[in-house]
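Undergrad: Structure file run_34.cif (mmCIF, C-alpha atoms) is given on the next line.
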data_start
loop_
_atom_site.label_atom_id
_atom_site.label_comp_id
_atom_site.auth_asym_id
_atom_site.auth_seq_id
_atom_site.Cartn_x
_atom_site.Cartn_y
_atom_site.Cartn_z
CA MET E 16 10.04 -31.84 -1.70
CA GLN E 17 7.62 -29.82 -3.80
CA SER E 18 3.97 -30.08 -2.91
CA GLU E 19 1.52 -31.47 -5.43
CA ARG E 20 0.13 -27.99 -5.91
CA LEU E 21 3.52 -26.52 -6.73
CA ARG E 22 4.25 -29.28 -9.22
CA ARG E 23 0.97 -28.59 -10.98
CA CYS E 24 1.84 -24.86 -11.16
CA ASP E 25 5.31 -25.28 -12.64
CA PRO E 26 4.95 -24.56 -16.35
CA VAL E 27 8.41 -23.03 -16.83
CA GLY E 28 10.68 -25.04 -14.53
CA LEU E 29 10.89 -22.55 -11.68
CA THR E 30 12.82 -23.28 -8.49
CA ASP E 31 10.98 -24.06 -5.27
CA GLU E 32 11.60 -20.50 -4.04
CA GLN E 33 10.33 -18.97 -7.27
CA LEU E 34 7.27 -21.20 -7.18
CA LYS E 35 6.43 -20.04 -3.67
CA PHE E 36 6.24 -16.50 -4.95
CA ALA E 37 4.29 -17.48 -8.06
CA ASN E 38 1.67 -19.16 -5.87
CA HIS E 39 1.81 -16.86 -2.82
CA PRO E 40 -1.77 -15.92 -1.80
CA ASN E 41 -1.05 -12.66 0.06
CA ASP E 42 1.14 -9.56 0.04
CA ALA E 43 4.86 -10.15 -0.41
CA PHE E 44 8.13 -8.25 -0.59
CA VAL E 45 10.73 -10.24 -2.51
CA GLN E 46 14.46 -9.55 -2.65
CA ALA E 47 16.35 -10.83 -5.68
CA CYS E 48 19.82 -10.20 -7.06
CA PRO E 49 20.47 -9.51 -10.76
CA GLY E 50 20.14 -12.68 -12.81
CA ALA E 51 17.86 -14.38 -10.28
CA GLY E 52 15.08 -14.86 -12.82
CA LYS E 53 12.92 -12.06 -11.45
CA THR E 54 11.09 -11.24 -14.68
CA ARG E 55 10.40 -14.89 -15.45
CA THR E 56 9.08 -15.42 -11.92
CA VAL E 57 6.81 -12.38 -12.01
CA VAL E 58 5.42 -13.47 -15.39
CA ALA E 59 4.80 -16.92 -13.90
CA ARG E 60 2.87 -15.26 -11.07
CA LEU E 61 0.85 -13.27 -13.58
CA ALA E 62 0.04 -16.50 -15.39
CA GLN E 63 -1.25 -17.95 -12.12
CA VAL E 64 -3.32 -14.84 -11.41
CA ALA E 65 -4.75 -14.91 -14.93
CA ARG E 66 -6.15 -18.41 -14.40
CA SER E 67 -8.47 -17.23 -11.63
CA LEU E 68 -8.87 -13.55 -12.50
CA PRO E 69 -12.43 -12.42 -11.79
CA PRO E 70 -14.44 -11.06 -14.75
CA ARG E 71 -13.71 -7.45 -15.74
CA LYS E 72 -10.71 -7.24 -13.41
CA GLY E 73 -7.06 -6.82 -14.30
CA VAL E 74 -3.63 -6.48 -12.76
CA ALA E 75 -1.31 -3.49 -12.47
CA MET E 76 2.36 -4.14 -13.25
CA LEU E 77 4.54 -1.13 -12.39
CA SER E 78 8.23 -0.36 -12.70
CA PHE E 79 10.39 2.76 -12.76
CA THR E 80 11.76 2.72 -16.31
CA ASN E 81 10.15 2.36 -19.71
CA THR E 82 12.73 -0.30 -20.57
CA ALA E 83 11.57 -2.54 -17.73
CA VAL E 84 7.92 -1.94 -18.62
CA ASP E 85 8.57 -2.87 -22.26
CA GLU E 86 10.39 -6.04 -21.16
CA PHE E 87 7.45 -7.19 -19.04
CA ALA E 88 4.96 -6.43 -21.80
CA ALA E 89 7.07 -8.38 -24.31
CA ARG E 90 7.38 -11.37 -21.95
CA CYS E 91 3.64 -11.39 -21.32
CA GLN E 92 2.95 -11.44 -25.06
CA GLN E 93 5.58 -14.13 -25.55
CA ASP E 94 3.88 -16.31 -22.92
CA GLY E 95 0.38 -15.80 -24.29
CA LEU E 96 -0.67 -13.32 -21.61
CA ASP E 97 -1.53 -10.48 -23.98
CA ARG E 98 -4.78 -9.75 -22.17
CA LEU E 99 -2.81 -8.75 -19.07
CA THR E 100 -1.24 -5.88 -21.01
CA ALA E 101 -4.58 -4.41 -22.12
CA PHE E 102 -7.59 -2.89 -20.35
CA PRO E 103 -8.59 -3.44 -17.58
CA SER E 104 -4.96 -4.30 -16.73
CA PHE E 105 -2.24 -1.67 -16.67
CA VAL E 106 1.45 -2.10 -17.47
CA GLY E 107 3.46 1.09 -17.03
CA THR E 108 5.75 3.16 -14.86
CA PHE E 109 4.93 4.17 -11.29
CA ASP E 110 4.85 7.79 -12.52
CA ALA E 111 2.29 6.91 -15.18
CA PHE E 112 0.07 5.07 -12.69
CA VAL E 113 0.01 8.02 -10.26
CA ARG E 114 -0.60 10.46 -13.10
CA HIS E 115 -3.31 8.41 -14.82
CA PHE E 116 -5.29 7.16 -11.83
CA LEU E 117 -4.63 9.55 -8.94
CA VAL E 118 -4.22 13.01 -10.47
CA LEU E 119 -5.56 13.47 -14.01
CA PRO E 120 -9.13 12.20 -13.40
CA SER E 121 -9.89 15.01 -10.96
CA GLY E 122 -7.23 17.53 -11.91
CA ILE E 123 -5.42 19.89 -9.55
CA GLU E 124 -7.53 21.03 -6.65
CA GLY E 125 -8.42 24.70 -7.01
CA VAL E 126 -6.97 24.94 -10.55
CA ALA E 127 -9.31 25.12 -13.54
CA VAL E 128 -6.91 24.07 -16.30
CA ARG E 129 -6.08 20.45 -17.09
CA PRO E 130 -2.73 19.43 -15.53
CA THR E 131 0.43 19.32 -17.59
CA ILE E 132 2.82 16.84 -15.97
CA VAL E 133 6.53 16.88 -16.79
CA ASP E 134 9.17 14.36 -15.77
CA SER E 135 11.22 17.01 -13.98
CA TRP E 136 11.54 20.77 -13.57
CA GLU E 137 15.03 20.53 -15.00
CA ALA E 138 13.50 19.36 -18.29
CA MET E 139 11.57 22.66 -18.37
CA GLY E 140 14.59 24.69 -17.33
CA VAL E 141 12.98 25.87 -14.07
CA GLU E 142 15.85 27.35 -12.05
CA ILE E 143 15.78 28.97 -8.63
CA ARG E 144 17.74 32.20 -8.42
CA LEU E 145 17.87 35.04 -5.94
CA ALA E 146 17.50 38.66 -6.95
CA ALA E 147 20.22 41.22 -6.31
CA PRO E 148 21.95 41.95 -4.01
CA ASN E 149 22.00 38.29 -2.97
CA SER E 150 22.11 36.82 -6.46
CA TYR E 151 24.55 34.00 -7.21
CA ARG E 152 27.09 34.89 -9.90
CA GLY E 153 28.77 31.54 -10.34
CA GLY E 154 28.42 29.10 -13.21
CA GLY E 155 26.18 26.53 -11.56
CA VAL E 156 22.40 26.33 -11.74
CA LEU E 157 19.90 25.26 -9.11
CA SER E 158 16.85 23.39 -10.40
CA LEU E 159 13.53 23.40 -8.56
CA ASP E 160 13.94 19.59 -8.48
CA ARG E 161 16.52 20.12 -5.74
CA PHE E 162 13.81 21.25 -3.35
CA ASP E 163 11.57 18.82 -1.49
CA PRO E 164 8.19 18.82 -3.28
CA SER E 165 6.27 18.65 0.01
CA THR E 166 8.14 21.27 2.07
CA ASN E 167 10.29 23.20 -0.46
CA THR E 168 13.31 22.65 1.78
CA ILE E 169 16.74 21.94 0.34
CA ASN E 170 19.73 20.04 1.65
CA PRO E 171 22.79 22.08 0.56
CA ILE E 172 25.15 19.19 1.35
CA ALA E 173 23.81 17.36 -1.71
CA ILE E 174 25.00 20.16 -4.04
CA ALA E 175 28.27 19.09 -5.66
CA ARG E 176 29.49 22.52 -6.81
CA ALA E 177 31.26 24.08 -3.82
CA ASP E 178 30.58 27.78 -4.54
CA LEU E 179 26.88 27.15 -5.23
CA ARG E 180 26.62 24.99 -2.11
CA GLN E 181 28.15 27.74 0.01
CA HIS E 182 25.82 30.34 -1.49
CA VAL E 183 22.77 28.21 -0.75
CA GLN E 184 23.96 27.57 2.81
CA ALA E 185 24.35 31.32 3.38
CA ASN E 186 20.94 32.15 1.89
CA GLN E 187 18.95 28.97 2.48
CA ASP E 188 15.76 30.59 3.78
CA GLN E 189 15.57 32.94 0.79
CA TYR E 190 16.15 30.10 -1.67
CA GLN E 191 13.38 28.08 -0.07
CA GLN E 192 10.99 31.03 -0.17
CA VAL E 193 11.69 31.53 -3.89
CA ALA E 194 11.24 27.79 -4.54
CA SER E 195 7.91 27.80 -2.71
CA TYR E 196 6.73 30.80 -4.74
CA ARG E 197 7.79 29.29 -8.08
CA ARG E 198 6.14 25.97 -7.27
CA ARG E 199 2.86 27.70 -6.34
CA ARG E 200 2.92 29.72 -9.57
CA LEU E 201 3.61 26.65 -11.68
CA ARG E 202 0.87 24.68 -9.93
CA GLY E 203 -1.57 27.55 -10.44
CA ALA E 204 -0.77 27.44 -14.15
CA GLY E 205 -1.47 23.69 -14.19
CA PHE E 206 2.13 22.42 -14.22
CA LEU E 207 3.34 19.56 -12.02
CA SER E 208 6.53 17.54 -11.99
CA ALA E 209 6.47 13.78 -11.44
CA ALA E 210 7.40 14.42 -7.80
CA ASP E 211 4.66 17.02 -7.42
CA THR E 212 2.03 14.59 -8.72
CA ARG E 213 2.73 12.38 -5.70
CA VAL E 214 2.25 15.30 -3.33
CA GLU E 215 -0.95 16.27 -5.12
CA ALA E 216 -2.27 12.71 -4.96
CA LEU E 217 -1.51 12.32 -1.27
CA GLN E 218 -3.20 15.63 -0.48
CA ARG E 219 -6.34 14.37 -2.22
CA LEU E 220 -6.17 11.04 -0.40
CA ARG E 221 -6.45 12.90 2.90
CA SER E 222 -10.04 13.67 1.93
CA ALA E 223 -12.11 10.78 3.30
CA ALA E 224 -14.80 11.06 0.63
CA TRP E 225 -12.35 11.25 -2.28
CA SER E 226 -10.18 8.48 -0.85
CA GLU E 227 -13.15 6.17 -0.39
CA ALA E 228 -14.50 6.75 -3.89
CA LEU E 229 -11.10 6.22 -5.52
CA SER E 230 -10.29 3.14 -3.44
CA HIS E 231 -13.55 1.50 -4.52
CA ALA E 232 -12.87 2.31 -8.17
CA LEU E 233 -9.31 0.92 -8.13
CA ALA E 234 -10.21 -2.18 -6.10
CA ALA E 235 -13.01 -2.89 -8.57
CA ARG E 236 -10.59 -2.74 -11.49
CA PHE E 237 -7.35 -4.26 -10.17
CA HIS E 238 -7.08 -7.69 -8.58
CA GLU E 239 -3.37 -7.27 -7.84
CA LEU E 240 -0.60 -4.69 -8.12
CA ILE E 241 3.07 -5.64 -8.58
CA VAL E 242 5.88 -3.09 -8.24
CA ASP E 243 9.16 -4.02 -9.89
CA GLU E 244 12.39 -2.57 -8.44
CA ALA E 245 10.50 -1.53 -5.31
CA GLN E 246 13.74 -0.36 -3.67
CA ASP E 247 13.47 2.69 -5.95
CA CYS E 248 10.33 3.84 -4.12
CA ASN E 249 10.78 7.14 -2.32
CA PRO E 250 8.89 8.00 0.90
CA LEU E 251 5.97 9.47 -1.08
CA ASP E 252 5.72 6.31 -3.19
CA LEU E 253 5.62 4.21 -0.04
CA GLN E 254 2.75 6.30 1.34
CA ILE E 255 0.81 5.73 -1.88
CA LEU E 256 1.51 1.99 -1.75
CA ALA E 257 0.38 1.86 1.87
CA TRP E 258 -2.89 3.53 0.85
CA LEU E 259 -3.35 1.10 -2.05
CA ARG E 260 -2.81 -1.89 0.27
CA GLY E 261 -5.29 -0.47 2.74
CA SER E 262 -7.79 -0.03 -0.10
CA GLY E 263 -7.70 -3.71 -1.06
#
Is it possible to give me this structure as structure tokens?
TA:
Amino acid sequence: MQSERLRRCDPVGLTDEQLKFANHPNDAFVQACPGAGKTRTVVARLAQVARSLPPRKGVAMLSFTNTAVDEFAARCQQDGLDRLTAFPSFVGTFDAFVRHFLVLPSGIEGVAVRPTIVDSWEAMGVEIRLAAPNSYRGGGVLSLDRFDPSTNTINPIAIARADLRQHVQANQDQYQQVASYRRRRLRGAGFLSAADTRVEALQRLRSAAWSEALSHALAARFHELIVDEAQDCNPLDLQILAWLRGSG
């Protein structure tokens, strides 16, 4: 049987399970299959949050595609929650949140120019090639995106093209050295990929003073943060989320 509180907070006919999430007072990780009413339930939660939102505070609603972000914004407007899509709230992609709040305000450490952040190195045509005599003469290309943004290591097994995979396996150390050099040069010129912004942010968060100042600023602005499609988080995303949780 639903509690009296849940019945009072049931403006859209949610199920008992959906209502528990809409009214949940603490952190939660929710699994839901396609068609489970996820968007409707999250909007219902936002409606609940909006009723008791402290003055000058907002919510952050993050997802991993612009399509999902647009859907949430449209549903909020449809349900009369327009104010949750405007300042001080934030509705956008995880990439945009990291870029806007964790990297751009302070720039790249040790680099004077304002950062230019691209979705991927592939979009800029940044390829990793070896010079002669170890150059690869096949038809495939190797993007800098293939290399781990933290360590510049590469897993050759993930390369589909057999001849390129074999060439990388035979010259892996050299490829990784070239990738490290190219990444440093791009960073020095102010260029970061979406993956590199996470590395840059986490490096800054290791500074106690910077971490404390930023945590106070974000906690003062955002009452709650919701991540849609959280299974798409990579290990760097999870580290950022852990820091955000620890920052209130």
Undergrad: Counting all atoms listed in the file, which of E:Ser195, E:Gln33, E:Gln218, E:Gln93 gets nearest to Ile169 (chain E)?
TA: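 Of all the options, E:Ser195 lies closest to Ile169 (chain E).
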Undergrad: Would you mind telling me which residue in E:Gly107, E:Ala223, E:Ala101, E:Gly263 lies nearest to Asp85 (chain E) when using only C-alpha atoms?
TA: E:Gly107
Undergrad: One decimal, Å: what's the distance from CA of Thr54 (chain E) over to CA of Leu99 (chain E), could you say?
TA: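 Interatomic distance here is 14.8 Å.
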Undergrad: Starting from the shown file, work through the PyMOL selection byres ((chain E and resi 182-186) around 12) and note down what comes out as a VMD selection string.
TA: chain E and resid 143 to 146 148 to 153 155 to 157 161 to 162 168 to 181 187 to 193
Undergrad: Running the PyMOL selection byres ((chain E and resi 200-206) around 10) on this model by hand, what would come out? Give it as a compact mmCIF listing (two decimals) with C-alpha atoms, in the frame of the given file.
TA:
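Writing done, so here's expr.txt:
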# COMPACT_ATOMS: atom_id res chain seq x y z
CA GLY E 122 -7.23 17.53 -11.91
CA ILE E 123 -5.42 19.89 -9.55
CA GLU E 124 -7.53 21.03 -6.65
CA GLY E 125 -8.42 24.70 -7.01
CA VAL E 126 -6.97 24.94 -10.55
CA ALA E 127 -9.31 25.12 -13.54
CA VAL E 128 -6.91 24.07 -16.30
CA ARG E 129 -6.08 20.45 -17.09
CA PRO E 130 -2.73 19.43 -15.53
CA THR E 131 0.43 19.32 -17.59
CA ILE E 132 2.82 16.84 -15.97
CA VAL E 133 6.53 16.88 -16.79
CA TRP E 136 11.54 20.77 -13.57
CA VAL E 141 12.98 25.87 -14.07
CA ALA E 194 11.24 27.79 -4.54
CA SER E 195 7.91 27.80 -2.71
CA TYR E 196 6.73 30.80 -4.74
CA ARG E 197 7.79 29.29 -8.08
CA ARG E 198 6.14 25.97 -7.27
CA ARG E 199 2.86 27.70 -6.34
CA LEU E 207 3.34 19.56 -12.02
CA SER E 208 6.53 17.54 -11.99
CA ASP E 211 4.66 17.02 -7.42
CA THR E 212 2.03 14.59 -8.72
CA GLU E 215 -0.95 16.27 -5.12
Undergrad: Let me make sure I understand: among E:His238, E:Ser230, E:Trp225, E:Glu142, which one has the smallest atom-to-atom distance to Ala65 (chain E) if we use only C-alpha atoms?
TA: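 Closest candidate: E:His238.
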Undergrad: Do you have the CA of Leu259 (chain E)-CA of Pro70 (chain E) distance handy?
TA: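 These two atoms are separated by 20.8 Å.
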Undergrad: Put a box with edges along x, y and z around all the listed atoms of region 94-104 of chain E, pad it by 6 Å on each side, then give me its centre and sizes in Å, one decimal, as JSON.
TA:
{"center_x": -2.4, "center_y": -9.6, "center_z": -20.5, "size_x": 24.5, "size_y": 25.4, "size_z": 19.6}
Undergrad: Rounded to one decimal place, report the CA of Arg71 (chain E)-CA of Val118 (chain E) distance in Å.
TA: 23.2 Å
Undergrad: Using the chain letters and numbering of this document, enumerate as an NGL selection string the residues selected by the PyMOL selection byres ((chain E and resi 112) around 12).
TA: :E and (75-79 or 104-111 or 113-120 or 209 or 212-213 or 216 or 233 or 240-242 or 252 or 255-256 or 259)
Undergrad: What does the file look like for those residues with C-alpha atoms, as a PDB file, keeping the file's coordinate frame?
TA:
ATOM      1  CA  ALA E  75      -1.310  -3.490 -12.470  1.00  0.00           C
ATOM      2  CA  MET E  76       2.360  -4.140 -13.250  1.00  0.00           C
ATOM      3  CA  LEU E  77       4.540  -1.130 -12.390  1.00  0.00           C
ATOM      4  CA  SER E  78       8.230  -0.360 -12.700  1.00  0.00           C
ATOM      5  CA  PHE E  79      10.390   2.760 -12.760  1.00  0.00           C
ATOM      6  CA  SER E 104      -4.960  -4.300 -16.730  1.00  0.00           C
ATOM      7  CA  PHE E 105      -2.240  -1.670 -16.670  1.00  0.00           C
ATOM      8  CA  VAL E 106       1.450  -2.100 -17.470  1.00  0.00           C
ATOM      9  CA  GLY E 107       3.460   1.090 -17.030  1.00  0.00           C
ATOM     10  CA  THR E 108       5.750   3.160 -14.860  1.00  0.00           C
ATOM     11  CA  PHE E 109       4.930   4.170 -11.290  1.00  0.00           C
ATOM     12  CA  ASP E 110       4.850   7.790 -12.520  1.00  0.00           C
ATOM     13  CA  ALA E 111       2.290   6.910 -15.180  1.00  0.00           C
ATOM     14  CA  VAL E 113       0.010   8.020 -10.260  1.00  0.00           C
ATOM     15  CA  ARG E 114      -0.600  10.460 -13.100  1.00  0.00           C
ATOM     16  CA  HIS E 115      -3.310   8.410 -14.820  1.00  0.00           C
ATOM     17  CA  PHE E 116      -5.290   7.160 -11.830  1.00  0.00           C
ATOM     18  CA  LEU E 117      -4.630   9.550  -8.940  1.00  0.00           C
ATOM     19  CA  VAL E 118      -4.220  13.010 -10.470  1.00  0.00           C
ATOM     20  CA  LEU E 119      -5.560  13.470 -14.010  1.00  0.00           C
ATOM     21  CA  PRO E 120      -9.130  12.200 -13.400  1.00  0.00           C
ATOM     22  CA  ALA E 209       6.470  13.780 -11.440  1.00  0.00           C
ATOM     23  CA  THR E 212       2.030  14.590  -8.720  1.00  0.00           C
ATOM     24  CA  ARG E 213       2.730  12.380  -5.700  1.00  0.00           C
ATOM     25  CA  ALA E 216      -2.270  12.710  -4.960  1.00  0.00           C
ATOM     26  CA  LEU E 233      -9.310   0.920  -8.130  1.00  0.00           C
ATOM     27  CA  LEU E 240      -0.600  -4.690  -8.120  1.00  0.00           C
ATOM     28  CA  ILE E 241       3.070  -5.640  -8.580  1.00  0.00           C
ATOM     29  CA  VAL E 242       5.880  -3.090  -8.240  1.00  0.00           C
ATOM     30  CA  ASP E 252       5.720   6.310  -3.190  1.00  0.00           C
ATOM     31  CA  ILE E 255       0.810   5.730  -1.880  1.00  0.00           C
ATOM     32  CA  LEU E 256       1.510   1.990  -1.750  1.00  0.00           C
ATOM     33  CA  LEU E 259      -3.350   1.100  -2.050  1.00  0.00           C
TER      34      LEU E 259
END
Undergrad: Which residue is closest to Asn38 (chain E)? Choose from E:Ser165, E:Gln63, E:Gln254, E:Thr56 and count all atoms listed in the file.
TA: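 When distances to Asn38 (chain E) are compared using all atoms listed in the file, the smallest one comes from E:Gln63.
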Undergrad: Nearest residue to Leu253 (chain E) out of E:Arg236, E:Leu217, E:His231, E:Cys48, using all atoms listed in the file?
TA: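 Counting all atoms listed in the file, the residue closest to Leu253 (chain E) is E:Leu217.
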Undergrad: Taking all atoms listed in the file into account, name the residue in E:Ala83, E:Leu229, E:Ala210, E:Leu34 that is nearest to Asn249 (chain E).
TA: E:Ala210
Undergrad: Would you kindly place N, CA and C atoms on region 132-149 of chain E and return the model as a compact mmCIF listing (two decimals), in the coordinates of the input?
TA:
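Output file result27.txt is given in full below:
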# COMPACT_ATOMS: atom_id res chain seq x y z
N ILE E 132 1.86 17.49 -16.86
CA ILE E 132 2.82 16.84 -15.97
C ILE E 132 4.11 16.58 -16.73
N VAL E 133 5.21 17.05 -16.17
CA VAL E 133 6.53 16.88 -16.79
C VAL E 133 7.36 15.94 -15.92
N ASP E 134 8.33 15.28 -16.53
CA ASP E 134 9.17 14.36 -15.77
C ASP E 134 9.93 15.07 -14.66
N SER E 135 10.43 16.26 -14.96
CA SER E 135 11.22 17.01 -13.98
C SER E 135 11.16 18.48 -14.32
N TRP E 136 11.46 19.33 -13.32
CA TRP E 136 11.54 20.77 -13.57
C TRP E 136 12.78 21.10 -14.38
N GLU E 137 13.81 20.30 -14.22
CA GLU E 137 15.03 20.53 -15.00
C GLU E 137 14.74 20.44 -16.50
N ALA E 138 13.84 19.50 -16.88
CA ALA E 138 13.50 19.36 -18.29
C ALA E 138 12.83 20.62 -18.83
N MET E 139 12.20 21.40 -17.96
CA MET E 139 11.57 22.66 -18.37
C MET E 139 12.48 23.86 -18.15
N GLY E 140 13.66 23.60 -17.58
CA GLY E 140 14.59 24.69 -17.33
C GLY E 140 14.17 25.60 -16.19
N VAL E 141 13.43 25.05 -15.20
CA VAL E 141 12.98 25.87 -14.07
C VAL E 141 14.11 25.96 -13.05
N GLU E 142 14.72 27.13 -12.97
CA GLU E 142 15.85 27.35 -12.05
C GLU E 142 15.44 28.31 -10.93
N ILE E 143 16.05 28.11 -9.78
CA ILE E 143 15.78 28.97 -8.63
C ILE E 143 16.97 29.89 -8.43
N ARG E 144 16.70 31.18 -8.58
CA ARG E 144 17.74 32.20 -8.42
C ARG E 144 17.26 33.29 -7.48
N LEU E 145 18.19 33.91 -6.80
CA LEU E 145 17.87 35.04 -5.94
C LEU E 145 18.11 36.35 -6.68
N ALA E 146 17.31 37.34 -6.35
CA ALA E 146 17.50 38.66 -6.95
C ALA E 146 18.65 39.38 -6.26
N ALA E 147 19.17 40.39 -6.91
CA ALA E 147 20.22 41.22 -6.31
C ALA E 147 19.68 41.86 -5.03
N PRO E 148 20.48 42.08 -4.01
CA PRO E 148 21.95 41.95 -4.01
C PRO E 148 22.46 40.57 -3.62
N ASN E 149 21.56 39.61 -3.41
CA ASN E 149 22.00 38.29 -2.97
C ASN E 149 22.09 37.28 -4.10
